[in-house]
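*Asks:* Got a file for you: work05.pdb, PDB, C-alpha atoms.
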MODEL        1
ATOM      1  CA  MET L1042      74.062 104.723  94.178  1.00  0.00           C
ATOM      2  CA  GLY L1043      71.863 101.756  94.828  1.00  0.00           C
ATOM      3  CA  GLY L1044      72.735  98.167  94.277  1.00  0.00           C
ATOM      4  CA  LYS L1045      70.591  95.051  94.293  1.00  0.00           C
ATOM      5  CA  GLY L1046      72.863  93.497  96.880  1.00  0.00           C
ATOM      6  CA  GLN L1047      75.869  94.471  98.891  1.00  0.00           C
ATOM      7  CA  TYR L1048      78.150  92.074 100.693  1.00  0.00           C
ATOM      8  CA  TYR L1049      81.063  92.779 102.990  1.00  0.00           C
ATOM      9  CA  ILE L1050      83.809  91.116 104.955  1.00  0.00           C
ATOM     10  CA  THR L1051      86.224  92.348 107.629  1.00  0.00           C
ATOM     11  CA  LYS L1052      89.833  91.176 107.445  1.00  0.00           C
ATOM     12  CA  SER L1053      93.293  91.789 108.838  1.00  0.00           C
ATOM     13  CA  VAL L1054      96.170  91.755 106.358  1.00  0.00           C
ATOM     14  CA  SER L1055      98.167  88.533 106.759  1.00  0.00           C
ATOM     15  CA  GLN L1056     101.879  87.986 106.221  1.00  0.00           C
ATOM     16  CA  PRO L1057     102.856  87.575 102.553  1.00  0.00           C
ATOM     17  CA  GLY L1058     102.137  84.086 101.293  1.00  0.00           C
ATOM     18  CA  VAL L1059     104.661  81.293 100.978  1.00  0.00           C
ATOM     19  CA  PRO L1060     104.181  77.746  99.678  1.00  0.00           C
ATOM     20  CA  GLY L1061     101.893  75.924 102.080  1.00  0.00           C
ATOM     21  CA  ALA L1062     100.841  79.142 103.841  1.00  0.00           C
ATOM     22  CA  PRO L1063      99.000  81.450 101.436  1.00  0.00           C
ATOM     23  CA  ASP L1064      98.166  85.052 102.258  1.00  0.00           C
ATOM     24  CA  ASN L1065      94.623  86.407 102.560  1.00  0.00           C
ATOM     25  CA  TRP L1066      95.103  89.364 100.245  1.00  0.00           C
ATOM     26  CA  ASN L1067      92.495  88.215  97.675  1.00  0.00           C
ATOM     27  CA  THR L1068      88.749  88.196  98.251  1.00  0.00           C
ATOM     28  CA  ASP L1069      86.278  86.870  95.685  1.00  0.00           C
ATOM     29  CA  PHE L1070      82.646  87.922  95.437  1.00  0.00           C
ATOM     30  CA  SER L1071      80.283  85.871  93.259  1.00  0.00           C
ATOM     31  CA  VAL L1072      78.210  87.719  90.690  1.00  0.00           C
ATOM     32  CA  GLY L1073      74.546  86.751  90.486  1.00  0.00           C
ATOM     33  CA  GLY L1074      73.698  88.492  87.229  1.00  0.00           C
ATOM     34  CA  ARG L1075      74.583  91.244  84.834  1.00  0.00           C
ATOM     35  CA  ALA L1076      74.976  94.707  86.296  1.00  0.00           C
ATOM     36  CA  SER L1077      75.974  97.989  84.696  1.00  0.00           C
ATOM     37  CA  ARG L1078      78.933  98.244  87.108  1.00  0.00           C
ATOM     38  CA  TYR L1079      80.485  96.594  90.115  1.00  0.00           C
ATOM     39  CA  VAL L1080      81.838  98.615  93.033  1.00  0.00           C
ATOM     40  CA  ALA L1081      84.298  97.597  95.739  1.00  0.00           C
ATOM     41  CA  THR L1082      84.666  99.848  98.782  1.00  0.00           C
ATOM     42  CA  ILE L1083      87.554  99.471 101.224  1.00  0.00           C
ATOM     43  CA  ARG L1084      87.428 101.158 104.642  1.00  0.00           C
ATOM     44  CA  ALA L1085      90.831 100.894 106.300  1.00  0.00           C
ATOM     45  CA  LYS L1086      90.656 100.823 110.081  1.00  0.00           C
ATOM     46  CA  ASN L1087      94.385 101.585 110.218  1.00  0.00           C
ATOM     47  CA  LYS L1088      96.416 104.090 108.220  1.00  0.00           C
ATOM     48  CA  GLY L1089      98.999 102.863 105.765  1.00  0.00           C
ATOM     49  CA  ASP L1090      99.889 102.290 102.139  1.00  0.00           C
ATOM     50  CA  TYR L1091      97.766  99.380 100.868  1.00  0.00           C
ATOM     51  CA  ARG L1092      98.074  97.800  97.449  1.00  0.00           C
ATOM     52  CA  VAL L1093      94.562  97.644  96.014  1.00  0.00           C
ATOM     53  CA  ALA L1094      93.563  95.838  92.818  1.00  0.00           C
ATOM     54  CA  MET L1095      90.219  94.802  91.357  1.00  0.00           C
ATOM     55  CA  TYR L1096      89.494  92.283  88.615  1.00  0.00           C
ATOM     56  CA  LEU L1097      86.321  91.207  86.838  1.00  0.00           C
ATOM     57  CA  LYS L1098      86.577  87.469  86.037  1.00  0.00           C
ATOM     58  CA  TYR L1099      84.701  85.914  83.112  1.00  0.00           C
ATOM     59  CA  PRO L1100      83.532  82.348  82.405  1.00  0.00           C
ATOM     60  CA  ASN L1101      86.012  81.987  79.499  1.00  0.00           C
ATOM     61  CA  ASN L1102      88.926  82.118  82.034  1.00  0.00           C
ATOM     62  CA  SER L1103      89.801  85.710  81.143  1.00  0.00           C
ATOM     63  CA  SER L1104      89.721  88.734  83.416  1.00  0.00           C
ATOM     64  CA  ASP L1105      89.847  92.507  83.249  1.00  0.00           C
ATOM     65  CA  LYS L1106      92.091  94.389  85.658  1.00  0.00           C
ATOM     66  CA  VAL L1107      90.085  97.522  86.407  1.00  0.00           C
ATOM     67  CA  PHE L1108      92.389  98.965  89.072  1.00  0.00           C
ATOM     68  CA  ASP L1109      95.877  98.308  90.492  1.00  0.00           C
ATOM     69  CA  GLN L1110      97.571 100.983  92.618  1.00  0.00           C
ATOM     70  CA  THR L1111      98.971 101.681  96.046  1.00  0.00           C
ATOM     71  CA  VAL L1112      96.458 103.722  98.037  1.00  0.00           C
ATOM     72  CA  SER L1113      97.444 105.727 101.123  1.00  0.00           C
ATOM     73  CA  PHE L1114      94.725 105.470 103.756  1.00  0.00           C
ATOM     74  CA  ARG L1115      94.183 107.409 106.961  1.00  0.00           C
ATOM     75  CA  ASP L1116      92.470 105.695 109.905  1.00  0.00           C
ATOM     76  CA  ASN L1117      88.836 104.836 108.992  1.00  0.00           C
ATOM     77  CA  GLN L1118      89.158 106.280 105.482  1.00  0.00           C
ATOM     78  CA  SER L1119      87.133 104.750 102.623  1.00  0.00           C
ATOM     79  CA  PHE L1120      88.099 104.271  98.990  1.00  0.00           C
ATOM     80  CA  SER L1121      85.925 102.916  96.162  1.00  0.00           C
ATOM     81  CA  VAL L1122      86.814 101.244  92.876  1.00  0.00           C
ATOM     82  CA  THR L1123      84.323 100.800  90.028  1.00  0.00           C
ATOM     83  CA  GLY L1124      84.520  98.208  87.269  1.00  0.00           C
ATOM     84  CA  VAL L1125      82.379  98.183  84.136  1.00  0.00           C
ATOM     85  CA  PRO L1126      81.874  94.776  82.504  1.00  0.00           C
ATOM     86  CA  ARG L1127      82.631  94.023  78.883  1.00  0.00           C
ATOM     87  CA  THR L1128      79.869  94.614  76.358  1.00  0.00           C
ATOM     88  CA  ASN L1129      77.684  91.501  76.063  1.00  0.00           C
ATOM     89  CA  GLN L1130      79.611  89.579  78.737  1.00  0.00           C
ATOM     90  CA  THR L1131      78.777  89.015  82.375  1.00  0.00           C
ATOM     91  CA  PRO L1132      81.531  88.372  84.901  1.00  0.00           C
ATOM     92  CA  TYR L1133      80.999  85.487  87.298  1.00  0.00           C
ATOM     93  CA  GLN L1134      83.249  86.943  89.997  1.00  0.00           C
ATOM     94  CA  VAL L1135      84.705  90.193  91.304  1.00  0.00           C
ATOM     95  CA  ASN L1136      88.165  89.720  92.815  1.00  0.00           C
ATOM     96  CA  VAL L1137      89.547  92.391  95.130  1.00  0.00           C
ATOM     97  CA  PHE L1138      93.169  92.358  96.265  1.00  0.00           C
ATOM     98  CA  VAL L1139      94.061  94.324  99.414  1.00  0.00           C
ATOM     99  CA  GLY L1140      97.460  93.869 101.045  1.00  0.00           C
ATOM    100  CA  GLY L1141     101.064  94.906 101.373  1.00  0.00           C
ATOM    101  CA  THR L1142     104.040  94.099 103.546  1.00  0.00           C
ATOM    102  CA  LEU L1143     103.909  97.486 105.285  1.00  0.00           C
ATOM    103  CA  VAL L1144     100.292  96.985 106.426  1.00  0.00           C
ATOM    104  CA  VAL L1145     100.508  93.423 107.818  1.00  0.00           C
ATOM    105  CA  GLY L1146      98.174  93.215 110.818  1.00  0.00           C
ATOM    106  CA  ASN L1147      96.103  96.223 109.755  1.00  0.00           C
ATOM    107  CA  SER L1148      92.344  95.710 109.498  1.00  0.00           C
ATOM    108  CA  TYR L1149      89.868  96.784 106.859  1.00  0.00           C
ATOM    109  CA  ARG L1150      86.274  96.241 105.783  1.00  0.00           C
ATOM    110  CA  LEU L1151      85.659  95.327 102.161  1.00  0.00           C
ATOM    111  CA  ALA L1152      82.228  95.664 100.547  1.00  0.00           C
ATOM    112  CA  ALA L1153      81.159  94.736  97.035  1.00  0.00           C
ATOM    113  CA  SER L1154      78.024  95.918  95.244  1.00  0.00           C
ATOM    114  CA  ALA L1155      76.366  95.230  91.922  1.00  0.00           C
ATOM    115  CA  CYS L1156      74.738  98.357  90.514  1.00  0.00           C
ATOM    116  CA  TYR L1157      71.882  98.097  88.055  1.00  0.00           C
TER     117      TYR L1157
ENDMDL
END
In structure tokens, how does this file's structure come out?
*Replies:*
Amino acid sequence: MGGKGQYYITKSVSQPGVPGAPDNWNTDFSVGGRASRYVATIRAKNKGDYRVAMYLKYPNNSSDKVFDQTVSFRDNQSFSVTGVPRTNQTPYQVNVFVGGTLVVGNSYRLAASACY
């Protein structure tokens, strides 16, 4: 699969958020134009049960949840999620949620791609 652009970030799962100290479980990727699908790939450096969710956000303040499950990773295992945009609408952002209380301190690499 080829995408016009791919962007990634490396993170460690923070403690759950509390007022005044939010968690880092959400990552937003801006969308530069319409694509046939958007793909998020998580590579967990550490094994564990991670909650993974992906949303496509639209300019009218609505969003589509395209995935929301707990995924069991082994060390250095990858997992991909694909979201297809609504007909005749282009999302402005892809939001990927990766976290969980049992994986606090674990690291992962998150990549997002737009596929044309």
*Asks:* Taking all atoms listed in the file into account, which of L:Tyr1049, L:Tyr1133, L:Tyr1096, L:Phe1070 comes nearest Tyr1149 in chain L?
*Replies:*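 Closest to Tyr1149 in chain L, using all atoms listed in the file: L:Tyr1049.
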*Asks:* Find the residues around range 1055-1059 of chain L up to 7 Å (only C-alpha atoms counted), leave out those fewer than 6 positions away in its own chain, and share them as number ranges by chain.
*Replies:* L: 1065, 1142, 1145-1146
*Asks:* Could you list, as a short mmCIF file (atom, residue, chain, number, x, y, z; two decimals) with C-alpha atoms, in the coordinates of the input, every residue matched by the PyMOL selection byres ((chain L and resi 1087-1090) around 8) in this structure?
*Replies:*
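As written to disk, part03.cif reads:
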data_model
loop_
_atom_site.label_atom_id
_atom_site.label_comp_id
_atom_site.auth_asym_id
_atom_site.auth_seq_id
_atom_site.Cartn_x
_atom_site.Cartn_y
_atom_site.Cartn_z
CA ALA L 1085 90.83 100.89 106.30
CA LYS L 1086 90.66 100.82 110.08
CA TYR L 1091 97.77 99.38 100.87
CA ARG L 1092 98.07 97.80 97.45
CA THR L 1111 98.97 101.68 96.05
CA VAL L 1112 96.46 103.72 98.04
CA SER L 1113 97.44 105.73 101.12
CA PHE L 1114 94.72 105.47 103.76
CA ARG L 1115 94.18 107.41 106.96
CA ASP L 1116 92.47 105.70 109.90
CA ASN L 1117 88.84 104.84 108.99
CA GLY L 1141 101.06 94.91 101.37
CA LEU L 1143 103.91 97.49 105.28
CA VAL L 1144 100.29 96.98 106.43
CA ASN L 1147 96.10 96.22 109.76
CA SER L 1148 92.34 95.71 109.50
CA TYR L 1149 89.87 96.78 106.86
#
*Asks:* Hey, can you check how far CA of Asn1067 in chain L sits from CA of Ser1119 in chain L?
*Replies:*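 These atoms are spaced 18.1 Å apart.
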*Asks:* For the file shown, report as a list in words the outcome of the PyMOL selection byres ((chain L and resi 1073-1075) around 9) at residue level.
*Replies:*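 This file gives the following for the PyMOL selection byres ((chain L and resi 1073-1075) around 9): Ser1071, Val1072, Ala1076, Ser1077, Arg1078, Pro1126, Gln1130, Thr1131, Pro1132, Tyr1133, Gln1134, Ala1155 and Tyr1157 of chain L.
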*Asks:* Just checking: using only C-alpha atoms, which residue out of L:Ser1154, L:Thr1068, L:Thr1123, L:Ser1103 ends up closest to Phe1138 in chain L?
*Replies:*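 Nearest candidate to Phe1138 in chain L out of L:Ser1154, L:Thr1068, L:Thr1123, L:Ser1103: L:Thr1068.
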*Asks:* Which polymer residues, whether protein, DNA or RNA, lie within 6 Å of the coordinate (87.4, 92.0, 91.9) when you count all atoms listed in the file? List them as a list in words, using the chain letters and numbers from the file.
*Replies:*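 Here the neighbourhood of the point contains Met1095, Tyr1096, Leu1097, Val1135, Asn1136 and Val1137 of chain L.
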*Asks:* What does the distance from CA of Thr1128 in chain L to CA of Tyr1079 in chain L come to in Å, to one decimal?
*Replies:* 13.9 Å
*Asks:* Skipping near chain neighbours, those fewer than 3 positions away, what residues fall within 7 Å of Ser1121 in chain L using only C-alpha atoms, listed as a VMD selection string?
*Replies:* chain L and resid 1080 to 1083
*Asks:* Here is a test: counting only C-alpha atoms, which residue of L:Arg1084, L:Tyr1048, L:Asp1064, L:Asp1069 is nearest to Phe1120 in chain L?
*Replies:*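 The answer is L:Arg1084, which sits nearest to Phe1120 in chain L.
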*Asks:* In Å, with one decimal, what is the gap from CA of Ala1152 in chain L to CA of Val1093 in chain L?
*Replies:*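 CA of Val1093 in chain L lies 13.3 Å from CA of Ala1152 in chain L.
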*Asks:* Mind telling me what the PyMOL selection byres ((chain L and resi 1052) around 7) catches here, as a count of residues only?
*Replies:* 7
